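Data file: my_file-v1.tsv. Format and content: TSV, C-alpha atoms.
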chain	number	residue	atom	x	y	z
A	2	MET	CA	145.60	85.77	114.42
A	3	SER	CA	142.13	86.70	115.49
A	4	SER	CA	140.47	84.64	112.81
A	5	THR	CA	139.26	81.34	114.13
A	6	ARG	CA	140.92	77.97	113.67
A	7	ASP	CA	138.81	76.91	110.69
A	8	ILE	CA	139.61	80.07	108.78
A	9	ASP	CA	143.31	79.78	109.61
A	10	ALA	CA	143.30	76.16	108.45
A	11	LEU	CA	141.70	77.18	105.16
A	12	ILE	CA	144.27	79.95	104.64
A	13	ASP	CA	147.11	77.50	105.34
A	14	MET	CA	145.75	75.04	102.77
A	15	MET	CA	145.27	77.74	100.14
A	16	ALA	CA	148.77	79.08	100.76
A	17	ARG	CA	150.20	75.70	99.73
A	18	LEU	CA	148.74	75.93	96.22
A	19	PRO	CA	151.22	76.69	93.45
A	20	GLY	CA	151.15	80.41	92.65
A	21	LEU	CA	149.71	81.42	96.01
A	22	GLY	CA	151.59	82.45	99.14
A	23	PRO	CA	150.38	83.39	102.63
A	24	ARG	CA	149.41	86.93	101.64
A	25	SER	CA	147.50	86.03	98.47
A	26	ALA	CA	145.88	83.09	100.28
A	27	ARG	CA	144.60	85.50	102.95
A	28	ARG	CA	143.25	87.83	100.25
A	29	ALA	CA	141.57	84.96	98.43
A	30	VAL	CA	140.00	83.53	101.58
A	31	LEU	CA	138.75	86.94	102.69
A	32	HIS	CA	137.23	87.44	99.24
A	33	LEU	CA	135.59	84.02	99.46
A	34	ILE	CA	134.21	84.68	102.95
A	35	ARG	CA	132.76	88.04	101.91
A	36	LYS	CA	130.92	86.35	99.06
A	37	ARG	CA	130.46	83.03	100.83
A	38	ALA	CA	126.92	82.44	99.61
A	39	ILE	CA	127.73	82.83	95.90
A	40	LEU	CA	131.41	81.80	95.89
A	41	LEU	CA	132.58	79.70	98.83
A	42	SER	CA	129.86	77.06	98.98
A	43	PRO	CA	129.80	76.50	95.20
A	44	LEU	CA	133.61	76.29	95.12
A	45	ALA	CA	133.63	73.78	97.97
A	46	GLN	CA	130.97	71.78	96.13
A	47	ALA	CA	132.91	71.90	92.84
A	48	MET	CA	136.07	70.71	94.59
A	49	GLN	CA	134.21	67.88	96.27
A	50	THR	CA	132.74	66.78	92.94
A	51	VAL	CA	136.13	66.81	91.25
A	52	ALA	CA	137.73	65.04	94.23
A	53	GLU	CA	135.15	62.27	93.91
A	54	THR	CA	135.11	61.88	90.14
A	55	ALA	CA	138.50	62.86	88.72
A	56	ARG	CA	140.91	60.07	87.94
A	57	GLU	CA	143.71	59.22	85.58
A	58	CYS	CA	142.80	57.48	82.33
A	59	LEU	CA	144.12	53.91	82.51
A	60	ASN	CA	144.97	54.06	78.82
A	61	CYS	CA	146.71	57.42	78.31
A	62	GLY	CA	147.16	59.04	81.73
A	63	ASN	CA	144.91	62.03	80.95
A	64	ILE	CA	142.63	63.25	83.73
A	65	GLY	CA	138.95	62.54	83.24
A	66	THR	CA	135.94	61.26	85.10
A	67	GLY	CA	135.98	57.61	84.08
A	68	ASP	CA	138.47	54.75	83.89
A	69	ILE	CA	139.05	55.70	80.24
A	70	CYS	CA	139.07	59.40	79.32
A	71	ASP	CA	136.84	61.15	76.76
A	72	ILE	CA	139.62	61.38	74.17
A	73	CYS	CA	140.47	57.68	74.37
A	74	THR	CA	136.81	56.68	74.05
A	75	SER	CA	136.07	59.08	71.17
A	76	GLU	CA	136.11	57.22	67.84
A	77	LYS	CA	136.70	60.55	66.09
A	78	ARG	CA	140.12	60.82	67.70
A	79	ALA	CA	141.23	57.37	66.46
A	80	ASN	CA	143.14	58.72	63.46
A	81	GLY	CA	146.26	56.63	63.95
A	82	GLU	CA	148.19	59.43	65.65
A	83	ILE	CA	149.41	59.57	69.24
A	84	CYS	CA	150.84	62.74	70.69
A	85	VAL	CA	153.19	62.04	73.60
A	86	VAL	CA	153.28	64.75	76.26
A	87	GLU	CA	154.95	64.97	79.65
A	88	ASP	CA	152.04	66.24	81.61
A	89	VAL	CA	148.27	66.81	81.64
A	90	ALA	CA	148.96	70.56	81.60
A	91	ASP	CA	150.76	70.03	78.28
A	92	LEU	CA	147.82	68.02	76.96
A	93	TRP	CA	145.49	70.88	77.92
A	94	ALA	CA	147.79	73.35	76.16
A	95	MET	CA	147.71	71.18	73.00
A	96	GLU	CA	143.92	70.94	73.18
A	97	ARG	CA	143.57	74.71	73.54
A	98	SER	CA	145.51	75.18	70.32
A	99	GLY	CA	143.02	72.78	68.66
A	100	VAL	CA	145.59	71.69	66.05
A	101	PHE	CA	145.80	68.01	66.97
A	102	LYS	CA	142.93	65.63	66.22
A	103	GLY	CA	144.39	62.33	67.44
A	104	ARG	CA	144.92	60.79	70.84
A	105	TYR	CA	147.44	61.50	73.57
A	106	HIS	CA	149.80	59.65	75.80
A	107	VAL	CA	150.70	61.43	79.03
A	108	LEU	CA	154.04	60.25	80.40
A	109	GLY	CA	153.66	61.94	83.76
A	110	GLY	CA	157.22	63.28	83.76
A	111	THR	CA	160.57	62.70	82.09
A	112	LEU	CA	163.26	60.10	82.48
A	113	SER	CA	165.67	61.18	85.18
A	114	ALA	CA	168.60	59.21	86.51
A	115	LEU	CA	168.94	61.63	89.43
A	116	ASP	CA	165.33	61.21	90.56
A	117	ALA	CA	165.33	57.47	89.73
A	118	VAL	CA	162.55	57.87	87.16
A	119	GLY	CA	162.74	54.98	84.68
A	120	PRO	CA	160.57	53.94	81.71
A	121	GLN	CA	158.21	51.96	83.96
A	122	GLU	CA	157.30	55.07	85.94
A	123	LEU	CA	156.48	56.97	82.74
A	124	ARG	CA	153.95	54.65	81.09
A	125	ILE	CA	156.45	54.04	78.26
A	126	PRO	CA	155.71	50.27	78.12
A	127	ARG	CA	152.01	51.15	77.82
A	128	LEU	CA	152.84	53.52	74.94
A	129	ILE	CA	154.66	50.74	73.10
A	130	ASP	CA	151.66	48.41	73.60
A	131	ARG	CA	149.27	51.09	72.34
A	132	VAL	CA	151.21	51.53	69.09
A	133	THR	CA	150.29	47.93	68.22
A	134	GLU	CA	146.83	47.74	69.82
A	135	GLU	CA	145.49	50.95	68.31
A	136	ALA	CA	147.17	50.51	64.89
A	137	ILE	CA	149.11	53.73	65.29
A	138	SER	CA	150.85	55.10	62.19
A	139	GLU	CA	152.51	58.16	63.73
A	140	VAL	CA	153.83	59.02	67.17
A	141	ILE	CA	154.38	62.74	67.70
A	142	LEU	CA	156.79	63.49	70.51
A	143	ALA	CA	155.56	66.78	71.98
A	144	LEU	CA	157.94	66.87	74.93
A	145	ASN	CA	159.32	70.01	76.48
A	146	ALA	CA	162.47	71.41	74.85
A	147	THR	CA	164.47	70.79	78.00
A	148	ILE	CA	167.36	68.37	78.43
A	149	ASP	CA	165.24	65.83	80.32
A	150	GLY	CA	162.43	66.16	77.78
A	151	GLN	CA	164.75	65.57	74.84
A	152	THR	CA	166.50	62.66	76.59
A	153	THR	CA	163.09	61.07	77.07
A	154	ALA	CA	162.17	61.73	73.43
A	155	HIS	CA	165.37	60.01	72.27
A	156	TYR	CA	164.67	57.01	74.50
A	157	ILE	CA	161.12	56.64	73.15
A	158	ALA	CA	162.38	57.07	69.57
A	159	ASP	CA	164.87	54.25	70.16
A	160	GLN	CA	162.15	51.96	71.49
A	161	LEU	CA	159.76	52.60	68.61
A	162	GLU	CA	162.32	52.85	65.78
A	163	GLY	CA	161.11	51.09	62.62
A	164	ARG	CA	157.67	50.25	64.04
A	165	VAL	CA	155.96	53.56	63.47
A	166	GLN	CA	156.58	56.97	61.96
A	167	LEU	CA	158.16	59.22	64.60
A	168	THR	CA	157.92	62.98	64.53
A	169	SER	CA	158.62	65.76	66.92
A	170	LEU	CA	157.36	69.31	67.24
A	171	ALA	CA	159.09	71.70	64.88
A	172	GLN	CA	161.30	74.64	65.65
A	173	GLY	CA	159.22	77.34	67.13
A	174	VAL	CA	159.39	75.88	70.60
A	175	PRO	CA	161.95	78.08	72.32
A	176	ILE	CA	164.91	76.33	73.95
A	177	GLY	CA	164.18	75.87	77.65
A	178	GLY	CA	160.49	76.63	77.06
A	179	GLU	CA	157.63	74.60	78.42
A	180	LEU	CA	154.44	73.87	76.50
A	181	ASP	CA	152.11	75.05	79.19
A	182	TYR	CA	153.59	78.54	78.95
A	183	LEU	CA	153.44	78.88	75.14
A	184	ASP	CA	150.81	80.82	73.23
A	185	ASP	CA	148.41	78.87	71.00
A	186	GLY	CA	149.89	80.25	67.77
A	187	THR	CA	153.35	78.96	68.58
A	188	ILE	CA	151.98	75.54	69.44
A	189	THR	CA	149.99	75.46	66.18
A	190	ALA	CA	153.01	76.50	64.10
A	191	ALA	CA	155.22	73.94	65.77
A	192	MET	CA	152.63	71.18	65.27
A	193	ARG	CA	152.16	71.99	61.55
A	194	ALA	CA	155.91	71.98	60.88
A	195	ARG	CA	156.64	68.72	62.70
A	196	LYS	CA	159.46	66.69	61.12
A	197	SER	CA	160.68	63.08	60.94
A	198	LEU	CA	163.33	62.05	63.42
B	253	MET	CA	139.51	71.43	76.43
B	254	SER	CA	139.73	67.74	77.03
B	255	SER	CA	139.12	68.06	80.73
B	256	THR	CA	135.54	67.37	81.63
B	257	ARG	CA	132.90	69.89	82.53
B	258	ASP	CA	133.36	69.59	86.30
B	259	ILE	CA	137.09	70.25	86.08
B	260	ASP	CA	136.54	73.19	83.73
B	261	ALA	CA	133.95	74.62	86.11
B	262	LEU	CA	136.39	74.34	89.01
B	263	ILE	CA	139.14	76.05	87.00
B	264	ASP	CA	136.73	78.88	86.07
B	265	MET	CA	135.83	79.41	89.72
B	266	MET	CA	139.44	79.38	90.88
B	267	ALA	CA	140.41	81.80	88.10
B	268	ARG	CA	138.03	84.38	89.58
B	269	LEU	CA	139.88	84.52	92.90
B	270	PRO	CA	142.02	87.63	93.47
B	271	GLY	CA	145.63	86.93	92.56
B	272	LEU	CA	144.80	83.98	90.32
B	273	GLY	CA	144.23	84.01	86.56
B	274	PRO	CA	143.28	81.26	84.11
B	275	ARG	CA	146.80	79.85	83.88
B	276	SER	CA	147.55	79.79	87.59
B	277	ALA	CA	144.05	78.41	88.23
B	278	ARG	CA	144.79	75.52	85.83
B	279	ARG	CA	148.11	74.87	87.59
B	280	ALA	CA	146.47	74.97	91.00
B	281	VAL	CA	143.61	72.65	89.95
B	282	LEU	CA	146.00	70.18	88.33
B	283	HIS	CA	148.09	70.20	91.50
B	284	LEU	CA	144.95	69.59	93.56
B	285	ILE	CA	143.77	66.76	91.31
B	286	ARG	CA	147.16	65.03	91.42
B	287	LYS	CA	147.03	65.08	95.21
B	288	ARG	CA	143.27	64.85	95.48
B	289	ALA	CA	143.25	62.43	98.39
B	290	ILE	CA	145.42	64.57	100.65
B	291	LEU	CA	144.63	68.05	99.28
B	292	LEU	CA	141.41	68.39	97.31
B	293	SER	CA	138.96	66.65	99.62
B	294	PRO	CA	140.31	68.31	102.79
B	295	LEU	CA	140.29	71.71	101.06
B	296	ALA	CA	136.70	71.20	99.91
B	297	GLN	CA	135.78	70.20	103.45
B	298	ALA	CA	137.57	73.20	104.98
B	299	MET	CA	135.76	75.54	102.58
B	300	GLN	CA	132.41	73.99	103.38
B	301	THR	CA	133.06	74.37	107.13
B	302	VAL	CA	134.04	78.03	106.74
B	303	ALA	CA	131.08	78.67	104.43
B	304	GLU	CA	128.75	77.31	107.09
B	305	THR	CA	130.30	78.93	110.16
B	306	ALA	CA	132.00	82.20	109.16
B	307	ARG	CA	130.07	85.40	109.77
B	308	GLU	CA	130.66	89.04	110.55
B	309	CYS	CA	130.76	90.05	114.21
B	310	LEU	CA	127.65	92.11	114.93
B	311	ASN	CA	129.67	94.34	117.26
B	312	CYS	CA	132.90	95.12	115.37
B	313	GLY	CA	132.60	93.66	111.86
B	314	ASN	CA	135.49	91.20	112.30
B	315	ILE	CA	135.03	87.74	110.79
B	316	GLY	CA	134.52	84.93	113.26
B	317	THR	CA	132.34	81.92	113.85
B	318	GLY	CA	129.72	83.38	116.17
B	319	ASP	CA	127.46	86.42	116.30
B	320	ILE	CA	130.15	88.13	118.40
B	321	CYS	CA	133.81	87.49	117.55
B	322	ASP	CA	136.51	86.12	119.86
B	323	ILE	CA	138.12	89.53	120.37
B	324	CYS	CA	134.85	91.21	121.36
B	325	THR	CA	134.00	88.43	123.83
B	326	SER	CA	137.49	88.32	125.39
B	327	GLU	CA	137.56	90.24	128.67
B	328	LYS	CA	141.36	90.56	128.33
B	329	ARG	CA	140.90	92.80	125.30
B	330	ALA	CA	138.61	95.24	127.12
B	331	ASN	CA	141.35	97.77	127.94
B	332	GLY	CA	139.43	100.86	126.86
B	333	GLU	CA	141.10	101.08	123.42
B	334	ILE	CA	139.45	100.62	120.03
B	335	CYS	CA	141.53	100.40	116.87
B	336	VAL	CA	139.51	101.45	113.79
B	337	VAL	CA	140.53	99.67	110.57
B	338	GLU	CA	139.08	99.68	107.06
B	339	ASP	CA	139.10	95.98	106.48
B	340	VAL	CA	139.42	92.55	108.10
B	341	ALA	CA	142.73	92.15	106.23
B	342	ASP	CA	144.01	95.23	108.10
B	343	LEU	CA	142.80	93.75	111.39
B	344	TRP	CA	144.70	90.53	110.63
B	345	ALA	CA	147.83	92.58	109.82
B	346	MET	CA	147.54	94.40	113.18
B	347	GLU	CA	147.07	91.07	115.00
B	348	ARG	CA	150.15	89.58	113.33
B	349	SER	CA	152.23	92.47	114.66
B	350	GLY	CA	150.91	91.65	118.14
B	351	VAL	CA	151.37	95.26	119.23
B	352	PHE	CA	147.74	96.09	119.99
B	353	LYS	CA	145.95	94.56	122.98
B	354	GLY	CA	142.54	96.23	122.72
B	355	ARG	CA	139.50	95.69	120.52
B	356	TYR	CA	138.84	96.59	116.91
B	357	HIS	CA	136.19	98.24	114.81
B	358	VAL	CA	136.14	97.20	111.14
B	359	LEU	CA	134.55	99.87	108.94
B	360	GLY	CA	134.30	97.67	105.86
B	361	GLY	CA	135.59	100.38	103.53
B	362	THR	CA	136.01	104.13	103.36
B	363	LEU	CA	133.63	107.01	102.85
B	364	SER	CA	133.27	107.68	99.15
B	365	ALA	CA	130.95	110.19	97.54
B	366	LEU	CA	131.58	108.63	94.11
B	367	ASP	CA	130.57	105.14	95.24
B	368	ALA	CA	127.76	106.49	97.45
B	369	VAL	CA	129.33	105.04	100.61
B	370	GLY	CA	128.10	107.04	103.60
B	371	PRO	CA	128.62	106.68	107.40
B	372	GLN	CA	125.68	104.23	107.67
B	373	GLU	CA	127.37	101.76	105.31
B	374	LEU	CA	130.60	101.88	107.34
B	375	ARG	CA	129.35	101.00	110.85
B	376	ILE	CA	130.31	104.51	112.01
B	377	PRO	CA	127.10	104.94	114.08
B	378	ARG	CA	127.89	101.61	115.78
B	379	LEU	CA	131.43	102.89	116.54
B	380	ILE	CA	130.00	106.00	118.21
B	381	ASP	CA	127.65	103.82	120.30
B	382	ARG	CA	130.51	101.54	121.33
B	383	VAL	CA	132.60	104.44	122.65
B	384	THR	CA	129.90	104.98	125.29
B	385	GLU	CA	128.80	101.39	125.84
B	386	GLU	CA	132.30	99.96	126.33
B	387	ALA	CA	133.72	102.93	128.29
B	388	ILE	CA	136.37	103.60	125.65
B	389	SER	CA	139.16	106.02	126.54
B	390	GLU	CA	141.12	106.00	123.25
B	391	VAL	CA	140.17	105.46	119.61
B	392	ILE	CA	143.14	104.72	117.35
B	393	LEU	CA	142.44	105.47	113.69
B	394	ALA	CA	144.52	102.92	111.76
B	395	LEU	CA	143.16	103.75	108.33
B	396	ASN	CA	145.16	103.50	105.14
B	397	ALA	CA	147.21	106.56	104.23
B	398	THR	CA	145.13	107.14	101.09
B	399	ILE	CA	142.89	110.12	100.32
B	400	ASP	CA	139.71	108.12	101.05
B	401	GLY	CA	141.23	106.66	104.20
B	402	GLN	CA	142.25	110.08	105.52
B	403	THR	CA	138.87	111.62	104.61
B	404	THR	CA	137.17	108.88	106.61
B	405	ALA	CA	139.56	109.44	109.54
B	406	HIS	CA	138.71	113.16	109.56
B	407	TYR	CA	134.98	112.42	109.52
B	408	ILE	CA	135.26	109.99	112.46
B	409	ALA	CA	137.47	112.46	114.36
B	410	ASP	CA	134.76	115.15	113.88
B	411	GLN	CA	132.08	112.83	115.22
B	412	LEU	CA	134.02	111.77	118.30
B	413	GLU	CA	135.70	115.11	119.08
B	414	GLY	CA	135.75	115.82	122.83
B	415	ARG	CA	134.21	112.48	123.79
B	416	VAL	CA	137.33	110.33	123.67
B	417	GLN	CA	141.08	110.57	123.05
B	418	LEU	CA	141.74	110.24	119.30
B	419	THR	CA	145.05	109.06	117.86
B	420	SER	CA	146.27	107.84	114.49
B	421	LEU	CA	149.18	105.65	113.39
B	422	ALA	CA	152.47	107.52	113.08
B	423	GLN	CA	153.68	108.24	109.56
B	424	GLY	CA	157.31	107.89	108.62
B	425	VAL	CA	159.99	105.68	107.12
B	426	PRO	CA	159.01	101.97	107.25
B	427	ILE	CA	161.41	99.62	109.06
B	428	GLY	CA	163.92	98.36	106.51
B	429	GLY	CA	162.89	101.09	104.09
B	430	GLU	CA	165.45	102.88	101.93
B	431	LEU	CA	165.06	106.62	101.50
B	432	ASP	CA	165.88	106.36	97.80
B	433	TYR	CA	162.77	104.22	97.23
B	434	LEU	CA	160.33	106.27	99.32
B	435	ASP	CA	157.90	108.75	97.85
B	436	ASP	CA	158.23	112.47	98.59
B	437	GLY	CA	155.14	112.51	100.78
B	438	THR	CA	156.52	109.87	103.14
B	439	ILE	CA	159.88	111.61	103.43
B	440	THR	CA	158.13	114.93	104.11
B	441	ALA	CA	155.93	113.33	106.79
B	442	ALA	CA	158.93	111.59	108.38
B	443	MET	CA	160.94	114.81	108.39
B	444	ARG	CA	158.11	116.86	109.94
B	445	ALA	CA	157.59	114.24	112.68
B	446	ARG	CA	161.30	113.84	113.42
B	447	LYS	CA	162.15	113.13	117.01
B	448	SER	CA	165.12	113.64	119.32
B	449	LEU	CA	167.55	110.75	119.68
Show me this structure written as structure tokens.
Amino acid sequence: MSSTRDIDALIDMMARLPGLGPRSARRAVLHLIRKRAILLSPLAQAMQTVAETARECLNCGNIGTGDICDICTSEKRANGEICVVEDVADLWAMERSGVFKGRYHVLGGTLSALDAVGPQELRIPRLIDRVTEEAISEVILALNATIDGQTTAHYIADQLEGRVQLTSLAQGVPIGGELDYLDDGTITAAMRARKSL
Amino acid sequence: MSSTRDIDALIDMMARLPGLGPRSARRAVLHLIRKRAILLSPLAQAMQTVAETARECLNCGNIGTGDICDICTSEKRANGEICVVEDVADLWAMERSGVFKGRYHVLGGTLSALDAVGPQELRIPRLIDRVTEEAISEVILALNATIDGQTTAHYIADQLEGRVQLTSLAQGVPIGGELDYLDDGTITAAMRARKSL
């Protein structure tokens, strides 16, 4: 490669991002270099800012800029409902649909015997504490309709049985589908038609 | 969106890169935030470094870190051959193949009456100067096999006629290519340029 070491290093880093490979990383970097004044410096600055400020909410696991995220600190969202999601991407998908007005709990994955992921790794104890602390009346399990997601939902339902109303997203979530890839309408329909376990 | 303004701004910027859209930008940013210590800060730093150092070579138009790029300063590459390419991406592709040992001239596009791109915009005058200054014996036109690319090749050939040997990349069946998937033009070109075994 004739490009210098710094440029090669940048291409290598970009190529490791999900959704990008070596060829698209080269295209992206070339595009950035051509418009370096209006694109590359601001992007570097934006990344640095996020790198310095972004952190996981100690309460729910969402990504924000403080120890406690905006949703957990907002009194408006304290409506007695917690929506349990696997991942921050799922939380973002729920927020885009705009159908849910309560708070979230981000597990950070699903239970998996193979990968040795137990309840402790998934903030499940914290979820159980929150049900009491925040006077929660309903826990909505918005986990992916995959085997691991449903196993995790059953485990959480067992833990919270009798202490709170438990619901899950309605039919409308396709089998094998993941929230982050669903359109807003499907998420809204599924949220509206949620049912008791 | 529940993510804060900084994160949204970063996603918006990433979504404008070629090959990325809003969804893949969200995935990439989430991936970066999760591994912010080992990925996001170094990437921001790498971008800042490139933004500060990268510039176009004043001689050939390649991207490097000085006023004159590594290839133009290397005495080893002064073998009397110049390979003319449209774009830095094409130069990188040639370098990956490792087949060419001379220097390059990056036009930065193709002649286009519609887009008002004339010879001045494409460093063609500089190319003509270089043929004399660098004692060039052969100019290889490695332009894309598109109408604009071939128009530009013809224009350059007219300008340099009689002053230097002019060649262009051979046209034919790509290595690993299957005839059934090739367009008629390629098959016609390959047939016309057939060679003895």
Q) Any idea which chain B residues end up within 7 Å of chain A if we count only C-alpha atoms, as a ChimeraX atom specification please? A) /B:253-256,258-259,262,265,269-271,276,279-280,285,288,292-293,295-300,302-303,315-317,323,344,347-348
Q: Please measure the separation of atom CA of Leu418 of chain B and atom CA of Leu379 of chain B, giving the value in Å to one decimal.
A: 13.0 Å
Q.
When you count all atoms listed in the file, which of these residues is closest to Ile334 of chain B: B:Gly318, B:Ile408, B:Gly360, B:Glu386?
A.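 Nearest candidate to Ile334 of chain B out of B:Gly318, B:Ile408, B:Gly360, B:Glu386: B:Glu386.
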Q: For atom CA of Gly62 of chain A and atom CA of Glu162 of chain A, determine how far apart the two atoms are, in Å to one decimal place.
A: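 Distance reported for this atom pair: 22.9 Å.
The spacing separating atom CA of Asp149 of chain A from atom CA of Gly110 of chain A amounts to 9.1 Å.
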